[in-house]
Amino acid sequence: MKEKSFLHTLNLMMRILLCLIAAVMVVFILASYNGAVGQQKIELQNYAEIYRSQIEGKISQATALLSELVYDNPDLDLLRSEQEAERQYAAVSLFNDMYSLMSVNQCPDYLVAVEADQNTIVAVKGSSVSLQEDEAIKAFALECAQKGDIFWTWDVVPIEGKIFLYRALTKESRVVMTLLSTDTLLGTVPVENLEYNSFFLADAAGNILDSVGVLAEERVGDTVEDLRAAHTLHQAELLSGELSLYACQNKLGFFQQMSSYVVVLFLIILSLLAFGLYYSKRVRVELLQPMEQMTREMEHIQQGQLDLRISTESDSVEFRTLVDAFNRLVDEIVNLKIQYYEKQLALLDTEQKYIRLQIKPHFFLNAMSTIVGLSRVGKNDEIATYIGALSKNIRYMFSSGLHTVPLQEEIRHVENYFAVQELRYPDGVLYFVDMDDEVRDWPVPQMLIHTLVENEYKYAVSPGRQTMVLIKLQKAQWQGEEMLLIQVEDDGKGFPAAVLASINGDEAAPAGDGTRVGLYSIRRLLELMYDRKGLFVLSNVEPHGAMNQVYIPAHPVNETKHDTIQEADIR
């Protein structure tokens, strides 16, 4: 099963938390925006419909006034009279009617009657019409009368920078006209109470004629399409689509109208997101990064880098305490491990010395037996020769505490040992030493080959029979490594099956009767010195005989220091 990382989980949870806060903020903004836009559209629709009704009321009132003025009015006909007095009378009477109608209705802005043939103009203006506009309207009405154009619907005309809606009834050369300025029509909108809204009057092509509100006149001359990208619009048609009233508000204007509670909630969510980011950063700096570094360093220590210590830096008291405690614990473990290794080495050295004590008594007991045997038959000269050769062997065995000696030095000792045994078994052993020059200085455990040869005399050599012993020394590949191969072969009766099974097996031990102690000691000595098994192999050869094979690596793993014993110490 895949291992779970607390740091990875914590980091993931922090990211999920931030994402959830961000998602809440986005949803809140979208919901607020959509709700505000929807409310904005409803608000604009309501405003547009209300003010459209009021504007249409004014236009209808102006239309009704025009109809009342024209319907069955004899003064209009008298304006064409040939008699100037009649025309003057009719003009005064018509003026009074116009003035009376406008005084009562406060609408429209202008009434004018023109008889082009007689060049007679009767007009009444509202207070919002200037003198320049008055003259311009009269000129416009006279021009219409002269052309004889028929105006049955409302139309638009710019006069002195102001836009007027006009409607005229024409008969031959006579025109009766009413005019309403866009200022008057938009004057119904209480702009001072609608600080976020604008209202436009536009023609059928979408050209803006006039405006009131926050955009004021800056959009006059533009088209409605110029506003759609950044503004919310609602259209209310006037005069069957000839004019339209547009209610307008900036799409981002809803922010200005948001409730203070919504603003506070938005700020709280924004603060929560900012705090989440700050908290995430602090957790990463104060917790995640130090723990990741600590984990990596602990893995290196676990892999064996015991000289490494955790160097994670943090302002946290808890982390410093944890780091200090862990480093102290590692120091204690290292010290305990060193003490354990030193104890193990001491035990190994003690066991090696014990094994050597097991090896050496065999030699001395055999030597004493030989001297006793020679003394019984009165061979005093042979005893002196034997003791001289024996002293050389004794010096060699006690001359040092080294675990290894050069191979040629070990062979000289073995040849001296053969000379010593020759006195005990005259012509009983015929030996050969075959040593390659390249292995003469190969380090071998001291007394190793001696012990093998001593074992030959103990089990293979017998009085009255000549035994051949072949010692062959050469390099060989063993267990994937170049080693020194020591082969000691005899033509005796061979090893018993129990000895082969014991020495070549996994758990070798001396026999219960004390035999084969030397062979077991050799195997154990090799295991201790080279820290590996399988270096000592016994076998039998055909038709008869025994083979001792020892593989010696180039360097021992465990070796004691030099400790020479002088000849004077053993007298």
# chains A, B, ... in the order shown; residues from 1 in each chain; ligands from 1
>>> select_by_dssp(residues="segment 72-285 of chain A", states="strand (DSSP E or B)", output="ChimeraX atom specification")
/A:110-115,120-125,155-159,162-171,174-181,198-203,207-213,223,231-238,243-250
>>> residues_around(residues="Ile50 of chain A", least_positions_apart="3", cutoff="12 Å", atoms="only C-alpha atoms", output="number ranges by chain")
A: 43-47, 53-57, 188-190, 236, 245-247
>>> write_last_selection(atoms="N, CA and C atoms", output="mmCIF file, in the first residue's frame")
data_model
loop_
_atom_site.group_PDB
_atom_site.id
_atom_site.type_symbol
_atom_site.label_atom_id
_atom_site.label_comp_id
_atom_site.auth_asym_id
_atom_site.auth_seq_id
_atom_site.Cartn_x
_atom_site.Cartn_y
_atom_site.Cartn_z
ATOM 1 N N GLU A 43 -35.454 47.919 -12.406
ATOM 2 C CA GLU A 43 -35.546 49.322 -12.021
ATOM 3 C C GLU A 43 -35.618 50.224 -13.246
ATOM 4 N N LEU A 44 -34.752 49.951 -14.235
ATOM 5 C CA LEU A 44 -34.753 50.772 -15.451
ATOM 6 C C LEU A 44 -36.073 50.627 -16.216
ATOM 7 N N GLN A 45 -36.585 49.404 -16.245
ATOM 8 C CA GLN A 45 -37.862 49.174 -16.933
ATOM 9 C C GLN A 45 -38.986 49.980 -16.268
ATOM 10 N N ASN A 46 -39.003 49.956 -14.953
ATOM 11 C CA ASN A 46 -40.044 50.702 -14.236
ATOM 12 C C ASN A 46 -39.927 52.203 -14.490
ATOM 13 N N TYR A 47 -38.676 52.721 -14.401
ATOM 14 C CA TYR A 47 -38.469 54.137 -14.653
ATOM 15 C C TYR A 47 -38.888 54.511 -16.069
ATOM 16 N N SER A 53 -44.927 57.258 -19.931
ATOM 17 C CA SER A 53 -46.338 57.627 -19.777
ATOM 18 C C SER A 53 -46.481 59.142 -19.606
ATOM 19 N N GLN A 54 -45.589 59.707 -18.816
ATOM 20 C CA GLN A 54 -45.658 61.142 -18.601
ATOM 21 C C GLN A 54 -45.343 61.917 -19.887
ATOM 22 N N ILE A 55 -44.320 61.437 -20.629
ATOM 23 C CA ILE A 55 -43.969 62.118 -21.879
ATOM 24 C C ILE A 55 -45.094 61.976 -22.902
ATOM 25 N N GLU A 56 -45.644 60.783 -22.998
ATOM 26 C CA GLU A 56 -46.753 60.577 -23.921
ATOM 27 C C GLU A 56 -47.954 61.444 -23.520
ATOM 28 N N GLY A 57 -48.130 61.663 -22.236
ATOM 29 C CA GLY A 57 -49.212 62.536 -21.772
ATOM 30 C C GLY A 57 -49.022 63.954 -22.257
ATOM 31 N N THR A 188 -39.759 65.964 -17.139
ATOM 32 C CA THR A 188 -40.606 65.183 -16.230
ATOM 33 C C THR A 188 -39.788 64.228 -15.361
ATOM 34 N N VAL A 189 -38.507 64.000 -15.762
ATOM 35 C CA VAL A 189 -37.655 63.042 -15.018
ATOM 36 C C VAL A 189 -36.999 63.764 -13.852
ATOM 37 N N PRO A 190 -37.215 63.314 -12.610
ATOM 38 C CA PRO A 190 -36.589 63.949 -11.437
ATOM 39 C C PRO A 190 -35.119 63.536 -11.312
ATOM 40 N N ALA A 236 -38.243 52.317 -24.231
ATOM 41 C CA ALA A 236 -39.701 52.506 -24.189
ATOM 42 C C ALA A 236 -40.076 53.352 -25.412
ATOM 43 N N LEU A 245 -37.678 56.380 -25.624
ATOM 44 C CA LEU A 245 -37.074 56.826 -24.378
ATOM 45 C C LEU A 245 -36.225 55.675 -23.846
ATOM 46 N N TYR A 246 -34.963 55.949 -23.593
ATOM 47 C CA TYR A 246 -34.043 54.924 -23.072
ATOM 48 C C TYR A 246 -33.661 55.273 -21.647
ATOM 49 N N ALA A 247 -33.884 54.309 -20.758
ATOM 50 C CA ALA A 247 -33.377 54.418 -19.387
ATOM 51 C C ALA A 247 -32.021 53.715 -19.360
#
>>> atom_distance(atom1="atom CA of Gly534 of chain A", atom2="atom CA of Val444 of chain A")
16.2 Å
>>> residues_around(residues="Asn327 of chain A", least_positions_apart="6", cutoff="12 Å", atoms="only C-alpha atoms", output="list of chain:residue names")
A:Met294, A:Glu297, A:Met298, A:Ile301, A:Leu306, A:Asp307, A:Leu308, A:Arg309, A:Ile310, A:Ser311, A:Thr312, A:Arg320, A:Thr321, A:Ile333, A:Val334
>>> atom_distance(atom1="atom CA of Thr467 of chain A", atom2="atom CA of Asp436 of chain A")
23.8 Å
>>> closest_residue(among="A:Gln302, A:Ser93, A:Thr63, A:Ser81", to="Leu179 of chain A", atoms="only C-alpha atoms")
A:Thr63
>>> atom_distance(atom1="atom CA of Gly206 of chain A", atom2="atom CA of Arg52 of chain A")
16.6 Å
>>> residues_around(residues="segment 456-466 of chain A", least_positions_apart="4", cutoff="6 Å", atoms="only C-alpha atoms", output="list of chain:residue names")
A:Gly428, A:Val429, A:Gly492
>>> residues_around(residues="Tyr279 of chain A", least_positions_apart="5", cutoff="9 Å", atoms="only C-alpha atoms", output="JSON, numbers by chain")
{"A": [14, 274, 284]}
>>> closest_residue(among="A:Ala204, A:Ile21, A:Ala389, A:Val557", to="Ile268 of chain A", atoms="only C-alpha atoms")
A:Ile21
>>> residues_around(residues="segment 136-142 of chain A", least_positions_apart="3", cutoff="7 Å", atoms="only C-alpha atoms", output="PDB file with N, CA, C and O atoms, in the first residue's frame")
ATOM      1  N   VAL A 114     -49.603  80.444 -39.209  1.00  0.00           N
ATOM      2  CA  VAL A 114     -48.966  81.228 -40.271  1.00  0.00           C
ATOM      3  C   VAL A 114     -49.855  81.188 -41.515  1.00  0.00           C
ATOM      4  O   VAL A 114     -50.320  80.116 -41.912  1.00  0.00           O
ATOM      5  N   ALA A 116     -49.206  82.210 -45.205  1.00  0.00           N
ATOM      6  CA  ALA A 116     -48.071  82.589 -46.032  1.00  0.00           C
ATOM      7  C   ALA A 116     -48.457  83.654 -47.061  1.00  0.00           C
ATOM      8  O   ALA A 116     -47.653  84.561 -47.337  1.00  0.00           O
ATOM      9  N   GLN A 132     -34.247  84.243 -29.561  1.00  0.00           N
ATOM     10  CA  GLN A 132     -33.628  83.712 -30.774  1.00  0.00           C
ATOM     11  C   GLN A 132     -34.384  82.499 -31.270  1.00  0.00           C
ATOM     12  O   GLN A 132     -34.599  82.329 -32.480  1.00  0.00           O
ATOM     13  N   GLU A 133     -34.771  81.648 -30.327  1.00  0.00           N
ATOM     14  CA  GLU A 133     -35.534  80.465 -30.704  1.00  0.00           C
ATOM     15  C   GLU A 133     -36.901  80.866 -31.261  1.00  0.00           C
ATOM     16  O   GLU A 133     -37.404  80.250 -32.206  1.00  0.00           O
ATOM     17  N   ALA A 145     -45.198  76.841 -44.370  1.00  0.00           N
ATOM     18  CA  ALA A 145     -46.436  77.340 -44.984  1.00  0.00           C
ATOM     19  C   ALA A 145     -46.203  77.661 -46.452  1.00  0.00           C
ATOM     20  O   ALA A 145     -47.061  77.411 -47.311  1.00  0.00           O
ATOM     21  N   GLN A 146     -45.072  78.245 -46.759  1.00  0.00           N
ATOM     22  CA  GLN A 146     -44.763  78.584 -48.132  1.00  0.00           C
ATOM     23  C   GLN A 146     -44.611  77.330 -48.995  1.00  0.00           C
ATOM     24  O   GLN A 146     -44.987  77.327 -50.164  1.00  0.00           O
ATOM     25  N   ILE A 159     -33.455  73.541 -33.622  1.00  0.00           N
ATOM     26  CA  ILE A 159     -33.582  74.989 -33.732  1.00  0.00           C
ATOM     27  C   ILE A 159     -32.690  75.616 -32.679  1.00  0.00           C
ATOM     28  O   ILE A 159     -32.883  75.382 -31.465  1.00  0.00           O
TER      29      ILE A 159
END
>>> select_by_dssp(residues="segment 268-436 of chain A", states="alpha helix (DSSP H)", output="PyMOL selection string")
chain A and resi 268-283+289-302+317-376+380-398+407-424
>>> closest_residue(among="A:Asp531, A:Glu237, A:Glu481, A:Asp203", to="Val224 of chain A", atoms="only C-alpha atoms")
A:Asp203
>>> residues_around(residues="Val156 of chain A", least_positions_apart="5", cutoff="8 Å", atoms="only C-alpha atoms", output="list in words")
Ile163, Phe164, Leu165 and Tyr166 of chain A
>>> closest_residue(among="A:Gln474, A:Thr232, A:Ser100, A:Ser127", to="Glu68 of chain A", atoms="only C-alpha atoms")
A:Ser100
